[in-house]
$ cat model24.pdb   # PDB, C-alpha atoms
ATOM      1  CA  MET A   1       0.000   0.000   0.000  1.00  0.00           C
ATOM      2  CA  THR A   2       1.404   3.391  -0.938  1.00  0.00           C
ATOM      3  CA  SER A   3       1.186   6.631   0.975  1.00  0.00           C
ATOM      4  CA  VAL A   4      -1.327   7.841  -1.631  1.00  0.00           C
ATOM      5  CA  ASP A   5      -3.518   4.793  -0.894  1.00  0.00           C
ATOM      6  CA  LEU A   6      -3.304   5.531   2.820  1.00  0.00           C
ATOM      7  CA  ARG A   7      -4.222   9.192   2.304  1.00  0.00           C
ATOM      8  CA  VAL A   8      -7.184   8.273   0.088  1.00  0.00           C
ATOM      9  CA  GLY A   9      -8.309   5.710   2.659  1.00  0.00           C
ATOM     10  CA  PHE A  10      -7.952   8.248   5.456  1.00  0.00           C
ATOM     11  CA  VAL A  11      -9.877  10.915   3.519  1.00  0.00           C
ATOM     12  CA  ALA A  12     -12.608   8.409   2.667  1.00  0.00           C
ATOM     13  CA  GLY A  13     -12.811   7.332   6.309  1.00  0.00           C
ATOM     14  CA  VAL A  14     -13.047  10.922   7.491  1.00  0.00           C
ATOM     15  CA  SER A  15     -15.728  11.602   4.865  1.00  0.00           C
ATOM     16  CA  ILE A  16     -17.779   8.668   6.129  1.00  0.00           C
ATOM     17  CA  VAL A  17     -17.490   9.872   9.731  1.00  0.00           C
ATOM     18  CA  VAL A  18     -18.430  13.432   8.730  1.00  0.00           C
ATOM     19  CA  ALA A  19     -21.387  12.167   6.681  1.00  0.00           C
ATOM     20  CA  ALA A  20     -22.578   9.984   9.566  1.00  0.00           C
ATOM     21  CA  THR A  21     -22.204  12.888  11.977  1.00  0.00           C
ATOM     22  CA  ALA A  22     -24.116  15.214   9.655  1.00  0.00           C
ATOM     23  CA  ALA A  23     -26.875  12.631   9.220  1.00  0.00           C
ATOM     24  CA  HIS A  24     -27.369  12.337  12.968  1.00  0.00           C
ATOM     25  CA  ALA A  25     -26.985  16.067  13.532  1.00  0.00           C
ATOM     26  CA  THR A  26     -30.059  16.492  11.347  1.00  0.00           C
ATOM     27  CA  PHE A  27     -31.935  13.599  12.949  1.00  0.00           C
ATOM     28  CA  GLU A  28     -35.547  14.697  12.960  1.00  0.00           C
ATOM     29  CA  ILE A  29     -37.579  14.097  16.070  1.00  0.00           C
ATOM     30  CA  THR A  30     -40.938  13.379  14.463  1.00  0.00           C
ATOM     31  CA  SER A  31     -44.135  13.145  16.474  1.00  0.00           C
ATOM     32  CA  ALA A  32     -43.846   9.329  16.378  1.00  0.00           C
ATOM     33  CA  ILE A  33     -40.257   9.467  17.665  1.00  0.00           C
ATOM     34  CA  GLN A  34     -41.211  11.950  20.395  1.00  0.00           C
ATOM     35  CA  ALA A  35     -44.110   9.687  21.404  1.00  0.00           C
ATOM     36  CA  GLU A  36     -41.660   6.782  21.775  1.00  0.00           C
ATOM     37  CA  LEU A  37     -39.267   8.969  23.795  1.00  0.00           C
ATOM     38  CA  ASP A  38     -42.161  10.009  26.045  1.00  0.00           C
ATOM     39  CA  ARG A  39     -43.054   6.339  26.490  1.00  0.00           C
ATOM     40  CA  GLN A  40     -39.446   5.577  27.415  1.00  0.00           C
ATOM     41  CA  LYS A  41     -39.455   8.399  29.986  1.00  0.00           C
ATOM     42  CA  LYS A  42     -42.338   6.625  31.735  1.00  0.00           C
ATOM     43  CA  VAL A  43     -40.509   3.292  31.584  1.00  0.00           C
ATOM     44  CA  ILE A  44     -37.344   4.873  33.002  1.00  0.00           C
ATOM     45  CA  ALA A  45     -39.355   6.617  35.746  1.00  0.00           C
ATOM     46  CA  GLY A  46     -40.567   3.146  36.735  1.00  0.00           C
ATOM     47  CA  TRP A  47     -36.956   1.969  36.962  1.00  0.00           C
ATOM     48  CA  ALA A  48     -36.086   5.023  39.073  1.00  0.00           C
ATOM     49  CA  ALA A  49     -38.820   4.082  41.552  1.00  0.00           C
ATOM     50  CA  ASP A  50     -37.650   0.474  41.901  1.00  0.00           C
ATOM     51  CA  PRO A  51     -36.567  -0.300  45.494  1.00  0.00           C
ATOM     52  CA  VAL A  52     -33.114  -1.436  44.301  1.00  0.00           C
ATOM     53  CA  ILE A  53     -32.463   1.964  42.697  1.00  0.00           C
ATOM     54  CA  VAL A  54     -33.974   4.019  45.526  1.00  0.00           C
ATOM     55  CA  LYS A  55     -31.949   2.141  48.159  1.00  0.00           C
ATOM     56  CA  ALA A  56     -28.717   2.516  46.189  1.00  0.00           C
ATOM     57  CA  VAL A  57     -29.183   6.290  45.899  1.00  0.00           C
ATOM     58  CA  ALA A  58     -30.184   6.667  49.561  1.00  0.00           C
ATOM     59  CA  ASP A  59     -27.149   4.633  50.676  1.00  0.00           C
ATOM     60  CA  GLN A  60     -24.777   6.622  48.429  1.00  0.00           C
ATOM     61  CA  ASN A  61     -26.130   9.921  49.738  1.00  0.00           C
ATOM     62  CA  VAL A  62     -25.059   8.875  53.241  1.00  0.00           C
ATOM     63  CA  LYS A  63     -21.512   8.133  51.996  1.00  0.00           C
ATOM     64  CA  GLY A  64     -20.959  10.979  49.514  1.00  0.00           C
ATOM     65  CA  PRO A  65     -18.525  11.039  46.580  1.00  0.00           C
ATOM     66  CA  LEU A  66     -15.375   8.920  46.615  1.00  0.00           C
ATOM     67  CA  PRO A  67     -12.564  10.885  48.298  1.00  0.00           C
ATOM     68  CA  GLY A  68     -10.044  12.194  45.799  1.00  0.00           C
ATOM     69  CA  VAL A  69     -12.050  11.220  42.720  1.00  0.00           C
ATOM     70  CA  ASP A  70     -12.961  14.015  40.346  1.00  0.00           C
ATOM     71  CA  ASN A  71     -13.740  13.883  36.626  1.00  0.00           C
ATOM     72  CA  ALA A  72     -10.058  14.014  35.612  1.00  0.00           C
ATOM     73  CA  THR A  73      -9.161  11.158  37.977  1.00  0.00           C
ATOM     74  CA  TRP A  74     -12.200   9.231  36.756  1.00  0.00           C
ATOM     75  CA  LYS A  75     -11.227   9.541  33.095  1.00  0.00           C
ATOM     76  CA  ALA A  76      -7.827   8.027  33.903  1.00  0.00           C
ATOM     77  CA  LEU A  77      -9.372   4.897  35.464  1.00  0.00           C
ATOM     78  CA  ARG A  78      -9.535   1.854  33.214  1.00  0.00           C
ATOM     79  CA  ARG A  79     -12.796  -0.001  32.722  1.00  0.00           C
ATOM     80  CA  SER A  80     -11.162  -2.996  34.429  1.00  0.00           C
ATOM     81  CA  ASP A  81     -10.244  -1.019  37.567  1.00  0.00           C
ATOM     82  CA  PRO A  82     -11.876  -2.466  40.723  1.00  0.00           C
ATOM     83  CA  VAL A  83     -13.312   0.984  41.532  1.00  0.00           C
ATOM     84  CA  VAL A  84     -15.101   1.035  38.173  1.00  0.00           C
ATOM     85  CA  ARG A  85     -16.185  -2.607  38.411  1.00  0.00           C
ATOM     86  CA  ALA A  86     -17.778  -1.948  41.814  1.00  0.00           C
ATOM     87  CA  PHE A  87     -20.287   0.415  40.173  1.00  0.00           C
ATOM     88  CA  GLN A  88     -21.223  -2.277  37.659  1.00  0.00           C
ATOM     89  CA  SER A  89     -21.393  -5.179  40.082  1.00  0.00           C
ATOM     90  CA  ASN A  90     -23.474  -3.601  42.842  1.00  0.00           C
ATOM     91  CA  PRO A  91     -27.220  -4.463  42.875  1.00  0.00           C
ATOM     92  CA  ALA A  92     -28.195  -1.222  41.100  1.00  0.00           C
ATOM     93  CA  GLY A  93     -25.510  -1.746  38.438  1.00  0.00           C
ATOM     94  CA  LYS A  94     -26.772  -5.279  37.813  1.00  0.00           C
ATOM     95  CA  PHE A  95     -30.350  -3.947  37.650  1.00  0.00           C
ATOM     96  CA  LEU A  96     -29.364  -1.363  35.020  1.00  0.00           C
ATOM     97  CA  ARG A  97     -27.371  -3.918  33.000  1.00  0.00           C
ATOM     98  CA  ALA A  98     -30.344  -6.325  32.981  1.00  0.00           C
ATOM     99  CA  LYS A  99     -32.742  -3.576  31.862  1.00  0.00           C
ATOM    100  CA  MET A 100     -30.344  -2.431  29.163  1.00  0.00           C
ATOM    101  CA  GLU A 101     -29.856  -5.971  27.855  1.00  0.00           C
ATOM    102  CA  ALA A 102     -33.619  -6.620  27.884  1.00  0.00           C
ATOM    103  CA  SER A 103     -34.239  -3.506  25.755  1.00  0.00           C
ATOM    104  CA  GLY A 104     -33.188  -5.183  22.517  1.00  0.00           C
ATOM    105  CA  GLY A 105     -30.601  -2.499  21.769  1.00  0.00           C
ATOM    106  CA  LEU A 106     -32.901   0.475  22.396  1.00  0.00           C
ATOM    107  CA  ILE A 107     -31.138   1.481  25.622  1.00  0.00           C
ATOM    108  CA  THR A 108     -27.462   2.108  24.880  1.00  0.00           C
ATOM    109  CA  GLU A 109     -26.338   3.266  28.321  1.00  0.00           C
ATOM    110  CA  ALA A 110     -27.729   3.629  31.815  1.00  0.00           C
ATOM    111  CA  PHE A 111     -26.257   5.282  34.874  1.00  0.00           C
ATOM    112  CA  LEU A 112     -27.387   6.436  38.266  1.00  0.00           C
ATOM    113  CA  SER A 113     -26.182   9.528  40.146  1.00  0.00           C
ATOM    114  CA  ALA A 114     -26.637  10.634  43.767  1.00  0.00           C
ATOM    115  CA  THR A 115     -27.206  14.091  45.300  1.00  0.00           C
ATOM    116  CA  GLU A 116     -23.777  15.499  44.439  1.00  0.00           C
ATOM    117  CA  GLY A 117     -24.002  14.153  40.896  1.00  0.00           C
ATOM    118  CA  GLU A 118     -21.536  11.363  41.651  1.00  0.00           C
ATOM    119  CA  LYS A 119     -22.041   7.889  40.267  1.00  0.00           C
ATOM    120  CA  VAL A 120     -23.941   5.248  42.190  1.00  0.00           C
ATOM    121  CA  ALA A 121     -24.148   2.562  39.510  1.00  0.00           C
ATOM    122  CA  PHE A 122     -23.952   2.057  35.756  1.00  0.00           C
ATOM    123  CA  ALA A 123     -24.083  -0.603  33.079  1.00  0.00           C
ATOM    124  CA  GLU A 124     -20.834   0.631  31.465  1.00  0.00           C
ATOM    125  CA  LYS A 125     -18.234   3.153  32.650  1.00  0.00           C
ATOM    126  CA  THR A 126     -19.354   6.705  32.068  1.00  0.00           C
ATOM    127  CA  THR A 127     -17.225   9.487  30.637  1.00  0.00           C
ATOM    128  CA  TRP A 128     -17.699  11.563  33.807  1.00  0.00           C
ATOM    129  CA  TYR A 129     -17.837  10.624  37.482  1.00  0.00           C
ATOM    130  CA  ILE A 130     -19.777  13.713  38.546  1.00  0.00           C
ATOM    131  CA  HIS A 131     -22.597  15.118  36.393  1.00  0.00           C
ATOM    132  CA  LYS A 132     -23.704  17.892  38.749  1.00  0.00           C
ATOM    133  CA  GLY A 133     -23.853  21.141  36.787  1.00  0.00           C
ATOM    134  CA  MET A 134     -25.030  19.364  33.638  1.00  0.00           C
ATOM    135  CA  PRO A 135     -28.691  19.487  32.516  1.00  0.00           C
ATOM    136  CA  LYS A 136     -28.995  15.687  32.497  1.00  0.00           C
ATOM    137  CA  PHE A 137     -28.513  15.799  36.275  1.00  0.00           C
ATOM    138  CA  ASP A 138     -29.659  19.278  37.275  1.00  0.00           C
ATOM    139  CA  VAL A 139     -33.030  19.350  35.476  1.00  0.00           C
ATOM    140  CA  PRO A 140     -34.552  16.189  36.974  1.00  0.00           C
ATOM    141  CA  PHE A 141     -32.916  16.848  40.326  1.00  0.00           C
ATOM    142  CA  THR A 142     -34.186  20.425  40.690  1.00  0.00           C
ATOM    143  CA  THR A 143     -37.500  20.264  38.791  1.00  0.00           C
ATOM    144  CA  ARG A 144     -38.627  16.698  39.512  1.00  0.00           C
ATOM    145  CA  SER A 145     -39.289  16.431  35.768  1.00  0.00           C
ATOM    146  CA  ALA A 146     -37.808  14.316  33.014  1.00  0.00           C
ATOM    147  CA  TRP A 147     -35.072  15.835  30.850  1.00  0.00           C
ATOM    148  CA  GLN A 148     -34.378  15.043  27.208  1.00  0.00           C
ATOM    149  CA  GLY A 149     -31.168  15.863  25.368  1.00  0.00           C
ATOM    150  CA  ARG A 150     -30.489  16.288  21.672  1.00  0.00           C
ATOM    151  CA  PRO A 151     -29.383  13.579  19.269  1.00  0.00           C
ATOM    152  CA  GLU A 152     -25.607  13.257  19.605  1.00  0.00           C
ATOM    153  CA  PHE A 153     -22.686  10.872  19.524  1.00  0.00           C
ATOM    154  CA  ASP A 154     -22.002   9.662  23.041  1.00  0.00           C
ATOM    155  CA  GLU A 155     -18.358   9.000  23.888  1.00  0.00           C
ATOM    156  CA  SER A 156     -18.956   6.392  26.593  1.00  0.00           C
ATOM    157  CA  ALA A 157     -21.665   4.468  24.693  1.00  0.00           C
ATOM    158  CA  GLN A 158     -19.850   4.917  21.352  1.00  0.00           C
ATOM    159  CA  THR A 159     -23.136   5.414  19.493  1.00  0.00           C
ATOM    160  CA  TYR A 160     -25.608   8.041  18.364  1.00  0.00           C
ATOM    161  CA  GLN A 161     -28.319   8.462  20.943  1.00  0.00           C
ATOM    162  CA  ILE A 162     -30.639  10.780  22.809  1.00  0.00           C
ATOM    163  CA  GLN A 163     -30.194  10.861  26.571  1.00  0.00           C
ATOM    164  CA  ILE A 164     -33.200  11.087  28.846  1.00  0.00           C
ATOM    165  CA  SER A 165     -33.124  11.383  32.606  1.00  0.00           C
ATOM    166  CA  VAL A 166     -35.590  11.252  35.450  1.00  0.00           C
ATOM    167  CA  PRO A 167     -35.373  12.052  39.152  1.00  0.00           C
ATOM    168  CA  VAL A 168     -34.888   9.371  41.779  1.00  0.00           C
ATOM    169  CA  LEU A 169     -37.055  10.217  44.771  1.00  0.00           C
ATOM    170  CA  VAL A 170     -36.274   9.168  48.331  1.00  0.00           C
ATOM    171  CA  ASP A 171     -39.048   9.903  50.815  1.00  0.00           C
ATOM    172  CA  GLY A 172     -40.747  11.989  48.116  1.00  0.00           C
ATOM    173  CA  ARG A 173     -37.762  14.295  47.536  1.00  0.00           C
ATOM    174  CA  PRO A 174     -35.230  14.314  44.673  1.00  0.00           C
ATOM    175  CA  ALA A 175     -32.145  12.416  45.807  1.00  0.00           C
ATOM    176  CA  GLY A 176     -30.499  11.557  42.496  1.00  0.00           C
ATOM    177  CA  ALA A 177     -31.024  11.063  38.786  1.00  0.00           C
ATOM    178  CA  LEU A 178     -31.244   8.093  36.443  1.00  0.00           C
ATOM    179  CA  VAL A 179     -29.910   8.753  32.933  1.00  0.00           C
ATOM    180  CA  VAL A 180     -30.345   6.446  29.955  1.00  0.00           C
ATOM    181  CA  GLY A 181     -29.239   6.700  26.351  1.00  0.00           C
ATOM    182  CA  VAL A 182     -31.811   5.777  23.719  1.00  0.00           C
ATOM    183  CA  GLY A 183     -30.137   4.583  20.507  1.00  0.00           C
ATOM    184  CA  LEU A 184     -31.257   6.465  17.405  1.00  0.00           C
ATOM    185  CA  ALA A 185     -31.390   3.439  15.087  1.00  0.00           C
ATOM    186  CA  GLN A 186     -33.638   1.398  17.398  1.00  0.00           C
ATOM    187  CA  LEU A 187     -35.652   4.485  18.313  1.00  0.00           C
ATOM    188  CA  GLU A 188     -36.478   5.068  14.643  1.00  0.00           C
ATOM    189  CA  LYS A 189     -37.466   1.422  14.167  1.00  0.00           C
ATOM    190  CA  ARG A 190     -39.768   1.453  17.195  1.00  0.00           C
ATOM    191  CA  ALA A 191     -41.341   4.738  16.163  1.00  0.00           C
ATOM    192  CA  GLN A 192     -42.207   3.272  12.739  1.00  0.00           C
ATOM    193  CA  LYS A 193     -44.219   0.395  14.230  1.00  0.00           C
TER
END

$ encode --input "model24.pdb" --output "structure tokens"
Amino acid sequence: MTSVDLRVGFVAGVSIVVAATAAHATFEITSAIQAELDRQKKVIAGWAADPVIVKAVADQNVKGPLPGVDNATWKALRRSDPVVRAFQSNPAGKFLRAKMEASGGLITEAFLSATEGEKVAFAEKTTWYIHKGMPKFDVPFTTRSAWQGRPEFDESAQTYQIQISVPVLVDGRPAGALVVGVGLAQLEKRAQK
């Protein structure tokens, strides 16, 4: 292979990525797609009310964030690190993994945050450890309402998705947030049914 072949291959690869990004940047949220997203918000709210999730958030709120772990430290941790694995293997992490796997590819990520925005559990390692200050955490936590993001490529899930989040209530008060990614390809298929 010559350097010209490599450059042509690189340019073609970049063109494909740019075209895919442009296609998802213009992803239209039709009324059928919004109806499916609204249905998923109700499903996710049911997950957020499950005793396993509520207990995990309540317990984490007693402990607080891991000492010395901020978003920069978190990014440096490998997926195989015992600290990371603990979030996946706790009861809430297993609950989220099971729900994600049962979704048939619709749910592309799921993670749970406590009062300070720190992680409680997840199906796969998240890009950030603390989401406080971001709408996906702040909106459900402060308004008690679901939040819906825009279609985008998610770094941790490595797919195009729309994130939705709902509050986790403990004793009737917001105590955390449950965030899920809804994959665009499966979302479109479900909306067409």

$ resolve_selection --input "model24.pdb" --expression "the PyMOL selection byres ((chain A and resi 192) around 12)" --output "list in words"
Thr30, Ser31, Ala32, Ile33, Gln34, Ala35, Glu36, Ala185, Gln186, Leu187, Glu188, Lys189, Arg190, Ala191 and Lys193 of chain A

$ write_last_selection --input "model24.pdb" --atoms "C-alpha atoms" --output "compact mmCIF listing (two decimals), in the frame of the given file"
# COMPACT_ATOMS: atom_id res chain seq x y z
CA THR A 30 -40.94 13.38 14.46
CA SER A 31 -44.14 13.14 16.47
CA ALA A 32 -43.85 9.33 16.38
CA ILE A 33 -40.26 9.47 17.66
CA GLN A 34 -41.21 11.95 20.40
CA ALA A 35 -44.11 9.69 21.40
CA GLU A 36 -41.66 6.78 21.78
CA ALA A 185 -31.39 3.44 15.09
CA GLN A 186 -33.64 1.40 17.40
CA LEU A 187 -35.65 4.49 18.31
CA GLU A 188 -36.48 5.07 14.64
CA LYS A 189 -37.47 1.42 14.17
CA ARG A 190 -39.77 1.45 17.20
CA ALA A 191 -41.34 4.74 16.16
CA LYS A 193 -44.22 0.40 14.23

$ resolve_selection --input "model24.pdb" --expression "the PyMOL selection byres ((chain A and resi 130-134) around 7)" --output "NGL selection string"
:A and (71 or 116-119 or 128-129 or 135-138)

$ resolve_selection --input "model24.pdb" --expression "the PyMOL selection byres ((chain A and resi 155-159) around 6)" --output "list of chain:residue names"
A:Thr126, A:Thr127, A:Phe153, A:Asp154, A:Tyr160

$ closest_residue --input "model24.pdb" --among "A:Arg85, A:Arg173, A:Arg39, A:Arg79" --to "Pro140 of chain A" --atoms "all atoms listed in the file"
A:Arg173

$ closest_residue --input "model24.pdb" --among "A:Phe87, A:Phe27, A:Phe95, A:Trp74" --to "Ala48 of chain A" --atoms "only C-alpha atoms"
A:Phe95

$ residues_around --input "model24.pdb" --residues "Pro174 of chain A" --least-positions-apart "4" --cutoff "8 Å" --atoms "all atoms listed in the file" --output "list in words"
Pro140, Phe141, Thr142, Arg144, Pro167, Val168, Leu169 and Val170 of chain A

$ atom_distance --input "model24.pdb" --atom1 "atom CA of Val179 of chain A" --atom2 "atom CA of Val166 of chain A"
6.7 Å

$ atom_distance --input "model24.pdb" --atom1 "atom CA of Ala102 of chain A" --atom2 "atom CA of Ala177 of chain A"
20.9 Å

$ atom_distance --input "model24.pdb" --atom1 "atom CA of Lys125 of chain A" --atom2 "atom CA of Ala58 of chain A"
21.0 Å

$ closest_residue --input "model24.pdb" --among "A:Ile29, A:Gly105, A:Thr73, A:Ile53" --to "Leu178 of chain A" --atoms "only C-alpha atoms"
A:Ile53

$ closest_residue --input "model24.pdb" --among "A:Ala146, A:Val120, A:Trp47, A:Ala92" --to "Asn61 of chain A" --atoms "all atoms listed in the file"
A:Val120

$ closest_residue --input "model24.pdb" --among "A:Ile162, A:Val84, A:Val54, A:Leu77" --to "Gly183 of chain A" --atoms "all atoms listed in the file"
A:Ile162

$ closest_residue --input "model24.pdb" --among "A:Ala45, A:Val69, A:Leu106, A:Ala114" --to "Val83 of chain A" --atoms "all atoms listed in the file"
A:Val69

$ axis_aligned_box --input "model24.pdb" --around "segment 156-173 of chain A" --padding-each-side "5 Å" --output "JSON"
{"center_x": -29.9, "center_y": 9.4, "center_z": 34.6, "size_x": 31.8, "size_y": 19.8, "size_z": 42.5}

$ build_atoms --input "model24.pdb" --residues "segment 81-101 of chain A" --atoms "N, CA and C atoms" --output "CSV table (one decimal), keeping the file's coordinate frame"
chain,number,residue,atom,x,y,z
A,81,ASP,N,-10.6,-1.4,36.2
A,81,ASP,CA,-10.2,-1.0,37.6
A,81,ASP,C,-11.3,-1.5,38.6
A,82,PRO,N,-10.9,-2.0,39.7
A,82,PRO,CA,-11.9,-2.5,40.7
A,82,PRO,C,-12.9,-1.4,41.2
A,83,VAL,N,-12.4,-0.1,41.2
A,83,VAL,CA,-13.3,1.0,41.5
A,83,VAL,C,-14.4,1.1,40.5
A,84,VAL,N,-14.1,1.0,39.2
A,84,VAL,CA,-15.1,1.0,38.2
A,84,VAL,C,-16.0,-0.2,38.2
A,85,ARG,N,-15.4,-1.4,38.4
A,85,ARG,CA,-16.2,-2.6,38.4
A,85,ARG,C,-17.2,-2.6,39.6
A,86,ALA,N,-16.9,-2.0,40.7
A,86,ALA,CA,-17.8,-1.9,41.8
A,86,ALA,C,-19.1,-1.3,41.5
A,87,PHE,N,-19.1,-0.3,40.6
A,87,PHE,CA,-20.3,0.4,40.2
A,87,PHE,C,-21.1,-0.5,39.3
A,88,GLN,N,-20.5,-1.4,38.5
A,88,GLN,CA,-21.2,-2.3,37.7
A,88,GLN,C,-21.8,-3.5,38.4
A,89,SER,N,-21.0,-3.9,39.4
A,89,SER,CA,-21.4,-5.2,40.1
A,89,SER,C,-22.3,-5.0,41.3
A,90,ASN,N,-22.6,-3.8,41.7
A,90,ASN,CA,-23.5,-3.6,42.8
A,90,ASN,C,-24.9,-3.9,42.4
A,91,PRO,N,-25.9,-4.1,43.3
A,91,PRO,CA,-27.2,-4.5,42.9
A,91,PRO,C,-27.8,-3.5,41.9
A,92,ALA,N,-27.6,-2.2,42.0
A,92,ALA,CA,-28.2,-1.2,41.1
A,92,ALA,C,-27.5,-1.3,39.7
A,93,GLY,N,-26.2,-1.6,39.7
A,93,GLY,CA,-25.5,-1.7,38.4
A,93,GLY,C,-26.0,-3.0,37.7
A,94,LYS,N,-26.2,-4.1,38.4
A,94,LYS,CA,-26.8,-5.3,37.8
A,94,LYS,C,-28.2,-5.0,37.3
A,95,PHE,N,-29.0,-4.3,38.1
A,95,PHE,CA,-30.4,-3.9,37.6
A,95,PHE,C,-30.3,-3.2,36.3
A,96,LEU,N,-29.5,-2.2,36.2
A,96,LEU,CA,-29.4,-1.4,35.0
A,96,LEU,C,-28.9,-2.2,33.8
A,97,ARG,N,-27.9,-3.0,34.1
A,97,ARG,CA,-27.4,-3.9,33.0
A,97,ARG,C,-28.5,-4.8,32.5
A,98,ALA,N,-29.3,-5.4,33.4
A,98,ALA,CA,-30.3,-6.3,33.0
A,98,ALA,C,-31.4,-5.6,32.2
A,99,LYS,N,-31.8,-4.4,32.6
A,99,LYS,CA,-32.7,-3.6,31.9
A,99,LYS,C,-32.2,-3.2,30.5
A,100,MET,N,-31.0,-2.8,30.4
A,100,MET,CA,-30.3,-2.4,29.2
A,100,MET,C,-30.3,-3.6,28.2
A,101,GLU,N,-29.9,-4.8,28.7
A,101,GLU,CA,-29.9,-6.0,27.9
A,101,GLU,C,-31.2,-6.4,27.4
